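Coordinates from model.cif are shown below (mmCIF, N, CA and C atoms).
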```cif
data_input
#
loop_
_atom_site.group_PDB
_atom_site.id
_atom_site.type_symbol
_atom_site.label_atom_id
_atom_site.label_comp_id
_atom_site.auth_asym_id
_atom_site.auth_seq_id
_atom_site.Cartn_x
_atom_site.Cartn_y
_atom_site.Cartn_z
ATOM 1 N N MET Q 1 -3.658 8.945 -8.017
ATOM 2 C CA MET Q 1 -3.485 10.193 -7.285
ATOM 3 C C MET Q 1 -2.008 10.553 -7.269
ATOM 4 N N GLN Q 2 -1.707 11.753 -7.633
ATOM 5 C CA GLN Q 2 -0.333 12.233 -7.651
ATOM 6 C C GLN Q 2 -0.023 12.904 -6.315
ATOM 7 N N LEU Q 3 1.016 12.454 -5.657
ATOM 8 C CA LEU Q 3 1.410 13.011 -4.368
ATOM 9 C C LEU Q 3 2.674 13.839 -4.521
ATOM 10 N N SER Q 4 2.740 14.934 -3.791
ATOM 11 C CA SER Q 4 3.960 15.742 -3.788
ATOM 12 C C SER Q 4 4.989 15.071 -2.878
ATOM 13 N N GLU Q 5 6.215 15.520 -2.958
ATOM 14 C CA GLU Q 5 7.263 14.954 -2.110
ATOM 15 C C GLU Q 5 6.978 15.214 -0.630
ATOM 16 N N LYS Q 6 6.407 16.361 -0.339
ATOM 17 C CA LYS Q 6 6.053 16.685 1.043
ATOM 18 C C LYS Q 6 4.993 15.722 1.571
ATOM 19 N N GLN Q 7 4.015 15.408 0.739
ATOM 20 C CA GLN Q 7 2.961 14.477 1.135
ATOM 21 C C GLN Q 7 3.514 13.063 1.295
ATOM 22 N N LYS Q 8 4.399 12.653 0.392
ATOM 23 C CA LYS Q 8 5.021 11.333 0.513
ATOM 24 C C LYS Q 8 5.854 11.232 1.786
ATOM 25 N N ARG Q 9 6.579 12.272 2.098
ATOM 26 C CA ARG Q 9 7.385 12.292 3.323
ATOM 27 C C ARG Q 9 6.491 12.150 4.546
ATOM 28 N N TYR Q 10 5.369 12.848 4.537
ATOM 29 C CA TYR Q 10 4.409 12.777 5.638
ATOM 30 C C TYR Q 10 3.863 11.356 5.776
ATOM 31 N N LEU Q 11 3.478 10.746 4.651
ATOM 32 C CA LEU Q 11 2.929 9.390 4.683
ATOM 33 C C LEU Q 11 3.980 8.361 5.093
ATOM 34 N N ARG Q 12 5.219 8.556 4.665
ATOM 35 C CA ARG Q 12 6.292 7.650 5.096
ATOM 36 C C ARG Q 12 6.474 7.712 6.604
ATOM 37 N N GLY Q 13 6.339 8.910 7.158
ATOM 38 C CA GLY Q 13 6.425 9.064 8.608
ATOM 39 C C GLY Q 13 5.308 8.328 9.327
ATOM 40 N N LEU Q 14 4.104 8.409 8.782
ATOM 41 C CA LEU Q 14 2.980 7.681 9.365
ATOM 42 C C LEU Q 14 3.147 6.168 9.198
ATOM 43 N N GLY Q 15 3.670 5.765 8.067
ATOM 44 C CA GLY Q 15 3.805 4.345 7.757
ATOM 45 C C GLY Q 15 4.940 3.655 8.477
ATOM 46 N N HIS Q 16 5.880 4.433 8.994
ATOM 47 C CA HIS Q 16 7.046 3.840 9.657
ATOM 48 C C HIS Q 16 6.643 2.947 10.823
ATOM 49 N N GLN Q 17 5.657 3.350 11.578
ATOM 50 C CA GLN Q 17 5.259 2.598 12.767
ATOM 51 C C GLN Q 17 4.264 1.474 12.468
ATOM 52 N N LEU Q 18 3.777 1.390 11.237
ATOM 53 C CA LEU Q 18 2.790 0.369 10.881
ATOM 54 C C LEU Q 18 3.439 -0.999 10.707
ATOM 55 N N HIS Q 19 2.659 -2.031 10.992
ATOM 56 C CA HIS Q 19 3.053 -3.396 10.693
ATOM 57 C C HIS Q 19 2.347 -3.801 9.404
ATOM 58 N N PRO Q 20 2.944 -4.711 8.628
ATOM 59 C CA PRO Q 20 2.280 -5.143 7.390
ATOM 60 C C PRO Q 20 0.901 -5.740 7.672
ATOM 61 N N ILE Q 21 -0.088 -5.265 6.956
ATOM 62 C CA ILE Q 21 -1.460 -5.757 7.102
ATOM 63 C C ILE Q 21 -1.684 -6.921 6.147
ATOM 64 N N VAL Q 22 -1.115 -6.821 4.955
ATOM 65 C CA VAL Q 22 -1.286 -7.842 3.932
ATOM 66 C C VAL Q 22 0.077 -8.464 3.654
ATOM 67 N N THR Q 23 0.121 -9.794 3.584
ATOM 68 C CA THR Q 23 1.347 -10.508 3.252
ATOM 69 C C THR Q 23 1.101 -11.361 2.027
ATOM 70 N N ILE Q 24 1.993 -11.234 1.054
ATOM 71 C CA ILE Q 24 1.891 -12.022 -0.171
ATOM 72 C C ILE Q 24 2.975 -13.086 -0.105
ATOM 73 N N GLY Q 25 2.567 -14.354 -0.157
ATOM 74 C CA GLY Q 25 3.491 -15.475 -0.002
ATOM 75 C C GLY Q 25 4.066 -15.948 -1.320
ATOM 76 N N GLN Q 26 4.706 -17.106 -1.253
ATOM 77 C CA GLN Q 26 5.392 -17.681 -2.409
ATOM 78 C C GLN Q 26 4.461 -17.999 -3.574
ATOM 79 N N LYS Q 27 3.189 -18.199 -3.302
ATOM 80 C CA LYS Q 27 2.254 -18.532 -4.380
ATOM 81 C C LYS Q 27 1.855 -17.305 -5.194
ATOM 82 N N GLY Q 28 2.258 -16.121 -4.758
ATOM 83 C CA GLY Q 28 2.011 -14.912 -5.522
ATOM 84 C C GLY Q 28 0.631 -14.324 -5.330
ATOM 85 N N MET Q 29 0.219 -13.525 -6.312
ATOM 86 C CA MET Q 29 -1.053 -12.811 -6.238
ATOM 87 C C MET Q 29 -2.226 -13.759 -6.467
ATOM 88 N N ARG Q 30 -3.256 -13.543 -5.687
ATOM 89 C CA ARG Q 30 -4.506 -14.279 -5.830
ATOM 90 C C ARG Q 30 -5.647 -13.298 -5.645
ATOM 91 N N ALA Q 31 -6.829 -13.708 -6.056
ATOM 92 C CA ALA Q 31 -7.999 -12.836 -5.935
ATOM 93 C C ALA Q 31 -8.287 -12.498 -4.476
ATOM 94 N N ALA Q 32 -8.076 -13.447 -3.587
ATOM 95 C CA ALA Q 32 -8.330 -13.214 -2.163
ATOM 96 C C ALA Q 32 -7.405 -12.129 -1.604
ATOM 97 N N ILE Q 33 -6.191 -12.086 -2.094
ATOM 98 C CA ILE Q 33 -5.245 -11.062 -1.630
ATOM 99 C C ILE Q 33 -5.697 -9.686 -2.088
ATOM 100 N N MET Q 34 -6.178 -9.598 -3.320
ATOM 101 C CA MET Q 34 -6.650 -8.306 -3.822
ATOM 102 C C MET Q 34 -7.891 -7.855 -3.055
ATOM 103 N N ASP Q 35 -8.754 -8.798 -2.677
ATOM 104 C CA ASP Q 35 -9.921 -8.460 -1.863
ATOM 105 C C ASP Q 35 -9.495 -7.915 -0.501
ATOM 106 N N GLU Q 36 -8.515 -8.566 0.114
ATOM 107 C CA GLU Q 36 -7.999 -8.100 1.409
ATOM 108 C C GLU Q 36 -7.356 -6.724 1.278
ATOM 109 N N MET Q 37 -6.675 -6.503 0.170
ATOM 110 C CA MET Q 37 -6.048 -5.205 -0.064
ATOM 111 C C MET Q 37 -7.108 -4.112 -0.181
ATOM 112 N N GLU Q 38 -8.189 -4.393 -0.876
ATOM 113 C CA GLU Q 38 -9.293 -3.428 -1.011
ATOM 114 C C GLU Q 38 -9.886 -3.095 0.358
ATOM 115 N N ILE Q 39 -10.145 -4.122 1.153
ATOM 116 C CA ILE Q 39 -10.706 -3.915 2.488
ATOM 117 C C ILE Q 39 -9.751 -3.092 3.342
ATOM 118 N N ALA Q 40 -8.466 -3.414 3.280
ATOM 119 C CA ALA Q 40 -7.469 -2.695 4.079
ATOM 120 C C ALA Q 40 -7.378 -1.230 3.666
ATOM 121 N N LEU Q 41 -7.408 -0.958 2.365
ATOM 122 C CA LEU Q 41 -7.329 0.431 1.900
ATOM 123 C C LEU Q 41 -8.580 1.224 2.278
ATOM 124 N N LEU Q 42 -9.733 0.582 2.231
ATOM 125 C CA LEU Q 42 -10.962 1.272 2.613
ATOM 126 C C LEU Q 42 -10.975 1.628 4.095
ATOM 127 N N SER Q 43 -10.478 0.731 4.927
ATOM 128 C CA SER Q 43 -10.559 0.982 6.360
ATOM 129 C C SER Q 43 -9.358 1.742 6.917
ATOM 130 N N HIS Q 44 -8.178 1.613 6.294
ATOM 131 C CA HIS Q 44 -6.974 2.249 6.844
ATOM 132 C C HIS Q 44 -6.415 3.386 5.992
ATOM 133 N N GLU Q 45 -6.648 3.385 4.725
ATOM 134 C CA GLU Q 45 -6.111 4.338 3.738
ATOM 135 C C GLU Q 45 -4.616 4.154 3.499
ATOM 136 N N LEU Q 46 -3.837 3.901 4.518
ATOM 137 C CA LEU Q 46 -2.395 3.708 4.397
ATOM 138 C C LEU Q 46 -2.088 2.275 4.806
ATOM 139 N N VAL Q 47 -1.562 1.488 3.863
ATOM 140 C CA VAL Q 47 -1.391 0.059 4.082
ATOM 141 C C VAL Q 47 0.037 -0.354 3.753
ATOM 142 N N LYS Q 48 0.630 -1.113 4.672
ATOM 143 C CA LYS Q 48 1.956 -1.681 4.452
ATOM 144 C C LYS Q 48 1.780 -3.136 4.037
ATOM 145 N N VAL Q 49 2.494 -3.530 2.979
ATOM 146 C CA VAL Q 49 2.374 -4.870 2.412
ATOM 147 C C VAL Q 49 3.745 -5.544 2.424
ATOM 148 N N LYS Q 50 3.787 -6.778 2.870
ATOM 149 C CA LYS Q 50 5.018 -7.586 2.856
ATOM 150 C C LYS Q 50 4.920 -8.545 1.681
ATOM 151 N N ILE Q 51 5.933 -8.552 0.825
ATOM 152 C CA ILE Q 51 5.928 -9.381 -0.374
ATOM 153 C C ILE Q 51 7.056 -10.403 -0.253
ATOM 154 N N ASN Q 52 6.688 -11.662 -0.016
ATOM 155 C CA ASN Q 52 7.664 -12.736 0.193
ATOM 156 C C ASN Q 52 7.814 -13.596 -1.058
ATOM 157 N N ILE Q 53 8.209 -12.972 -2.141
ATOM 158 C CA ILE Q 53 8.447 -13.682 -3.395
ATOM 159 C C ILE Q 53 9.940 -13.597 -3.672
ATOM 160 N N GLY Q 54 10.517 -14.692 -4.134
ATOM 161 C CA GLY Q 54 11.961 -14.799 -4.272
ATOM 162 C C GLY Q 54 12.628 -13.838 -5.233
ATOM 163 N N GLU Q 55 12.171 -13.768 -6.453
ATOM 164 C CA GLU Q 55 12.857 -12.995 -7.483
ATOM 165 C C GLU Q 55 12.500 -11.509 -7.441
ATOM 166 N N HIS Q 56 13.493 -10.661 -7.684
ATOM 167 C CA HIS Q 56 13.308 -9.214 -7.670
ATOM 168 C C HIS Q 56 12.313 -8.766 -8.742
ATOM 169 N N ALA Q 57 12.404 -9.343 -9.914
ATOM 170 C CA ALA Q 57 11.503 -8.969 -11.016
ATOM 171 C C ALA Q 57 10.057 -9.325 -10.684
ATOM 172 N N GLU Q 58 9.853 -10.454 -10.025
ATOM 173 C CA GLU Q 58 8.498 -10.842 -9.632
ATOM 174 C C GLU Q 58 7.930 -9.874 -8.600
ATOM 175 N N ARG Q 59 8.754 -9.454 -7.650
ATOM 176 C CA ARG Q 59 8.310 -8.475 -6.644
ATOM 177 C C ARG Q 59 7.933 -7.171 -7.315
ATOM 178 N N ASP Q 60 8.744 -6.732 -8.270
ATOM 179 C CA ASP Q 60 8.429 -5.502 -9.004
ATOM 180 C C ASP Q 60 7.075 -5.605 -9.706
ATOM 181 N N ALA Q 61 6.806 -6.756 -10.314
ATOM 182 C CA ALA Q 61 5.545 -6.959 -11.023
ATOM 183 C C ALA Q 61 4.368 -6.939 -10.049
ATOM 184 N N VAL Q 62 4.528 -7.549 -8.890
ATOM 185 C CA VAL Q 62 3.448 -7.584 -7.893
ATOM 186 C C VAL Q 62 3.187 -6.187 -7.349
ATOM 187 N N VAL Q 63 4.233 -5.431 -7.086
ATOM 188 C CA VAL Q 63 4.082 -4.057 -6.584
ATOM 189 C C VAL Q 63 3.310 -3.215 -7.595
ATOM 190 N N ALA Q 64 3.657 -3.323 -8.861
ATOM 191 C CA ALA Q 64 2.963 -2.563 -9.906
ATOM 192 C C ALA Q 64 1.517 -3.033 -10.070
ATOM 193 N N GLU Q 65 1.296 -4.348 -9.985
ATOM 194 C CA GLU Q 65 -0.056 -4.892 -10.141
ATOM 195 C C GLU Q 65 -0.994 -4.413 -9.032
ATOM 196 N N ILE Q 66 -0.486 -4.378 -7.809
ATOM 197 C CA ILE Q 66 -1.301 -3.893 -6.694
ATOM 198 C C ILE Q 66 -1.694 -2.444 -6.921
ATOM 199 N N SER Q 67 -0.733 -1.645 -7.315
ATOM 200 C CA SER Q 67 -0.989 -0.229 -7.535
ATOM 201 C C SER Q 67 -2.019 -0.004 -8.648
ATOM 202 N N GLU Q 68 -1.887 -0.734 -9.733
ATOM 203 C CA GLU Q 68 -2.812 -0.577 -10.859
ATOM 204 C C GLU Q 68 -4.203 -1.097 -10.532
ATOM 205 N N THR Q 69 -4.283 -2.250 -9.911
ATOM 206 C CA THR Q 69 -5.569 -2.891 -9.651
ATOM 207 C C THR Q 69 -6.389 -2.143 -8.606
ATOM 208 N N THR Q 70 -5.730 -1.634 -7.570
ATOM 209 C CA THR Q 70 -6.449 -0.994 -6.473
ATOM 210 C C THR Q 70 -6.544 0.522 -6.613
ATOM 211 N N ASN Q 71 -5.884 1.101 -7.610
ATOM 212 C CA ASN Q 71 -5.822 2.563 -7.766
ATOM 213 C C ASN Q 71 -5.160 3.230 -6.572
ATOM 214 N N ALA Q 72 -4.259 2.521 -5.929
ATOM 215 C CA ALA Q 72 -3.528 3.067 -4.787
ATOM 216 C C ALA Q 72 -2.187 3.610 -5.263
ATOM 217 N N THR Q 73 -1.694 4.598 -4.564
ATOM 218 C CA THR Q 73 -0.415 5.198 -4.894
ATOM 219 C C THR Q 73 0.685 4.537 -4.082
ATOM 220 N N LEU Q 74 1.733 4.112 -4.759
ATOM 221 C CA LEU Q 74 2.884 3.558 -4.067
ATOM 222 C C LEU Q 74 3.653 4.714 -3.446
ATOM 223 N N VAL Q 75 3.722 4.729 -2.125
ATOM 224 C CA VAL Q 75 4.402 5.806 -1.407
ATOM 225 C C VAL Q 75 5.876 5.481 -1.264
ATOM 226 N N GLN Q 76 6.163 4.224 -0.916
ATOM 227 C CA GLN Q 76 7.545 3.837 -0.666
ATOM 228 C C GLN Q 76 7.682 2.330 -0.828
ATOM 229 N N ARG Q 77 8.855 1.934 -1.282
ATOM 230 C CA ARG Q 77 9.171 0.507 -1.326
ATOM 231 C C ARG Q 77 10.595 0.321 -0.865
ATOM 232 N N ILE Q 78 10.748 -0.517 0.145
ATOM 233 C CA ILE Q 78 12.076 -0.855 0.643
ATOM 234 C C ILE Q 78 12.149 -2.370 0.713
ATOM 235 N N GLY Q 79 12.966 -2.969 -0.133
ATOM 236 C CA GLY Q 79 13.129 -4.419 -0.144
ATOM 237 C C GLY Q 79 11.825 -5.140 -0.414
ATOM 238 N N ASN Q 80 11.390 -5.942 0.551
ATOM 239 C CA ASN Q 80 10.174 -6.746 0.401
ATOM 240 C C ASN Q 80 8.933 -6.050 0.931
ATOM 241 N N THR Q 81 9.038 -4.806 1.325
ATOM 242 C CA THR Q 81 7.921 -4.099 1.936
ATOM 243 C C THR Q 81 7.544 -2.881 1.095
ATOM 244 N N ALA Q 82 6.232 -2.744 0.857
ATOM 245 C CA ALA Q 82 5.723 -1.607 0.093
ATOM 246 C C ALA Q 82 4.643 -0.905 0.905
ATOM 247 N N LEU Q 83 4.561 0.412 0.741
ATOM 248 C CA LEU Q 83 3.581 1.224 1.447
ATOM 249 C C LEU Q 83 2.683 1.896 0.409
ATOM 250 N N TYR Q 84 1.365 1.676 0.544
ATOM 251 C CA TYR Q 84 0.384 2.204 -0.402
ATOM 252 C C TYR Q 84 -0.570 3.160 0.297
ATOM 253 N N PHE Q 85 -1.043 4.159 -0.464
ATOM 254 C CA PHE Q 85 -2.024 5.106 0.057
ATOM 255 C C PHE Q 85 -3.138 5.282 -0.965
ATOM 256 N N ARG Q 86 -4.357 5.264 -0.459
ATOM 257 C CA ARG Q 86 -5.527 5.618 -1.268
ATOM 258 C C ARG Q 86 -6.524 6.298 -0.333
ATOM 259 N N ALA Q 87 -6.831 7.558 -0.637
ATOM 260 C CA ALA Q 87 -7.750 8.326 0.202
ATOM 261 C C ALA Q 87 -9.154 7.740 0.103
ATOM 262 N N ASN Q 88 -9.841 7.733 1.228
ATOM 263 C CA ASN Q 88 -11.220 7.281 1.285
ATOM 264 C C ASN Q 88 -12.068 8.430 1.809
ATOM 265 N N PRO Q 89 -12.740 9.172 0.918
ATOM 266 C CA PRO Q 89 -13.522 10.332 1.359
ATOM 267 C C PRO Q 89 -14.706 9.956 2.258
ATOM 268 N N LYS Q 90 -15.123 8.704 2.244
ATOM 269 C CA LYS Q 90 -16.258 8.275 3.071
ATOM 270 C C LYS Q 90 -15.835 7.788 4.456
ATOM 271 N N LYS Q 91 -14.539 7.765 4.706
ATOM 272 C CA LYS Q 91 -14.060 7.300 6.007
ATOM 273 C C LYS Q 91 -14.439 8.320 7.068
ATOM 274 N N LYS Q 92 -15.164 7.870 8.074
ATOM 275 C CA LYS Q 92 -15.683 8.779 9.090
ATOM 276 C C LYS Q 92 -14.728 8.954 10.258
ATOM 277 N N ARG Q 93 -13.982 7.922 10.565
ATOM 278 C CA ARG Q 93 -13.134 7.956 11.753
ATOM 279 C C ARG Q 93 -11.667 8.144 11.373
ATOM 280 N N ASP Q 94 -11.085 9.221 11.801
ATOM 281 C CA ASP Q 94 -9.669 9.531 11.623
ATOM 282 C C ASP Q 94 -9.168 9.413 10.174
ATOM 283 N N PRO Q 95 -9.725 10.157 9.227
ATOM 284 C CA PRO Q 95 -9.178 10.122 7.881
ATOM 285 C C PRO Q 95 -7.793 10.788 7.859
ATOM 286 N N ILE Q 96 -6.961 10.359 6.984
ATOM 287 C CA ILE Q 96 -5.616 10.943 6.856
ATOM 288 C C ILE Q 96 -5.741 12.261 6.128
ATOM 289 N N LYS Q 97 -5.243 13.317 6.731
ATOM 290 C CA LYS Q 97 -5.255 14.642 6.121
ATOM 291 C C LYS Q 97 -3.853 14.942 5.616
ATOM 292 N N LEU Q 98 -3.722 15.035 4.309
ATOM 293 C CA LEU Q 98 -2.421 15.289 3.704
ATOM 294 C C LEU Q 98 -2.073 16.765 3.774
ATOM 295 N N PRO Q 99 -0.794 17.081 4.024
ATOM 296 C CA PRO Q 99 -0.387 18.487 3.988
ATOM 297 C C PRO Q 99 -0.447 18.997 2.544
ATOM 298 N N SER Q 100 -0.681 20.288 2.402
ATOM 299 C CA SER Q 100 -0.782 20.845 1.041
ATOM 300 C C SER Q 100 0.556 21.308 0.523
#
```

What would the structure in this file look like if it were written as structure tokens?
Amino acid sequence: MQLSEKQKRYLRGLGHQLHPIVTIGQKGMRAAIMDEMEIALLSHELVKVKINIGEHAERDAVVAEISETTNATLVQRIGNTALYFRANPKKKRDPIKLPS
């Protein structure tokens, strides 16, 4: 999903107050983490992820892998924290409405 700058700004504002839902430790990506990411995106749509991997290149690879595997859009990345968005049209309670 392609987001405009206005939409990204809006999502960054919403994501500022969020705490990381998913944390990736030193052992890196695992299938269980991707399952948790899927569940989090389905129920929240906007998910903050903490990536505790030492090397910068490894963090970059994990950020890209999450985005590709889950079809989520990377909204923002600051240091070890990344913010992802994926709309869920079936979400009944408080879906995120993006500005046009």

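The set of residues that the PyMOL selection byres ((chain Q and resi 53-64) around 8) takes from this file is Ile24, Gly25, Gln26, Lys27, Gly28, Met29, Lys50, Ile51, Asn52, Glu65, Ile66, Ser67, Glu68, Thr69, Thr70, Leu74, Gly79, Asn80 and Ala82 of chain Q.
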
Can those selected residues be exported to a file as a compact mmCIF listing (two decimals), in the frame of the given file so that it contains N, CA and C atoms?
```
# COMPACT_ATOMS: atom_id res chain seq x y z
N ILE Q 24 1.99 -11.23 1.05
CA ILE Q 24 1.89 -12.02 -0.17
C ILE Q 24 2.98 -13.09 -0.10
N GLY Q 25 2.57 -14.35 -0.16
CA GLY Q 25 3.49 -15.48 0.00
C GLY Q 25 4.07 -15.95 -1.32
N GLN Q 26 4.71 -17.11 -1.25
CA GLN Q 26 5.39 -17.68 -2.41
C GLN Q 26 4.46 -18.00 -3.57
N LYS Q 27 3.19 -18.20 -3.30
CA LYS Q 27 2.25 -18.53 -4.38
C LYS Q 27 1.86 -17.30 -5.19
N GLY Q 28 2.26 -16.12 -4.76
CA GLY Q 28 2.01 -14.91 -5.52
C GLY Q 28 0.63 -14.32 -5.33
N MET Q 29 0.22 -13.52 -6.31
CA MET Q 29 -1.05 -12.81 -6.24
C MET Q 29 -2.23 -13.76 -6.47
N LYS Q 50 3.79 -6.78 2.87
CA LYS Q 50 5.02 -7.59 2.86
C LYS Q 50 4.92 -8.54 1.68
N ILE Q 51 5.93 -8.55 0.82
CA ILE Q 51 5.93 -9.38 -0.37
C ILE Q 51 7.06 -10.40 -0.25
N ASN Q 52 6.69 -11.66 -0.02
CA ASN Q 52 7.66 -12.74 0.19
C ASN Q 52 7.81 -13.60 -1.06
N GLU Q 65 1.30 -4.35 -9.98
CA GLU Q 65 -0.06 -4.89 -10.14
C GLU Q 65 -0.99 -4.41 -9.03
N ILE Q 66 -0.49 -4.38 -7.81
CA ILE Q 66 -1.30 -3.89 -6.69
C ILE Q 66 -1.69 -2.44 -6.92
N SER Q 67 -0.73 -1.64 -7.32
CA SER Q 67 -0.99 -0.23 -7.54
C SER Q 67 -2.02 0.00 -8.65
N GLU Q 68 -1.89 -0.73 -9.73
CA GLU Q 68 -2.81 -0.58 -10.86
C GLU Q 68 -4.20 -1.10 -10.53
N THR Q 69 -4.28 -2.25 -9.91
CA THR Q 69 -5.57 -2.89 -9.65
C THR Q 69 -6.39 -2.14 -8.61
N THR Q 70 -5.73 -1.63 -7.57
CA THR Q 70 -6.45 -0.99 -6.47
C THR Q 70 -6.54 0.52 -6.61
N LEU Q 74 1.73 4.11 -4.76
CA LEU Q 74 2.88 3.56 -4.07
C LEU Q 74 3.65 4.71 -3.45
N GLY Q 79 12.97 -2.97 -0.13
CA GLY Q 79 13.13 -4.42 -0.14
C GLY Q 79 11.82 -5.14 -0.41
N ASN Q 80 11.39 -5.94 0.55
CA ASN Q 80 10.17 -6.75 0.40
C ASN Q 80 8.93 -6.05 0.93
N ALA Q 82 6.23 -2.74 0.86
CA ALA Q 82 5.72 -1.61 0.09
C ALA Q 82 4.64 -0.90 0.90
```

Every residue of chain Q that DSSP places in helix (DSSP H, G or I), as number ranges by chain: Q: 5-15, 31-44, 56-70

Residue neighbourhood Lys91 in chain Q, 10 Å, only C-alpha atoms, exclusion window fewer than 5 positions, as a list in words: Leu42, Ser43, His44, Glu45 and Ile96 of chain Q

Computed interatomic separation between atom C of Gly13 in chain Q and atom N of Glu38 in chain Q (Å): 21.2 Å

Local residues around (-1.7, 5.4, 7.5), at most 8 Å away, using all atoms listed in the file, as a PyMOL selection string: chain Q and resi 11+13-16+18+44-48+84-85+96
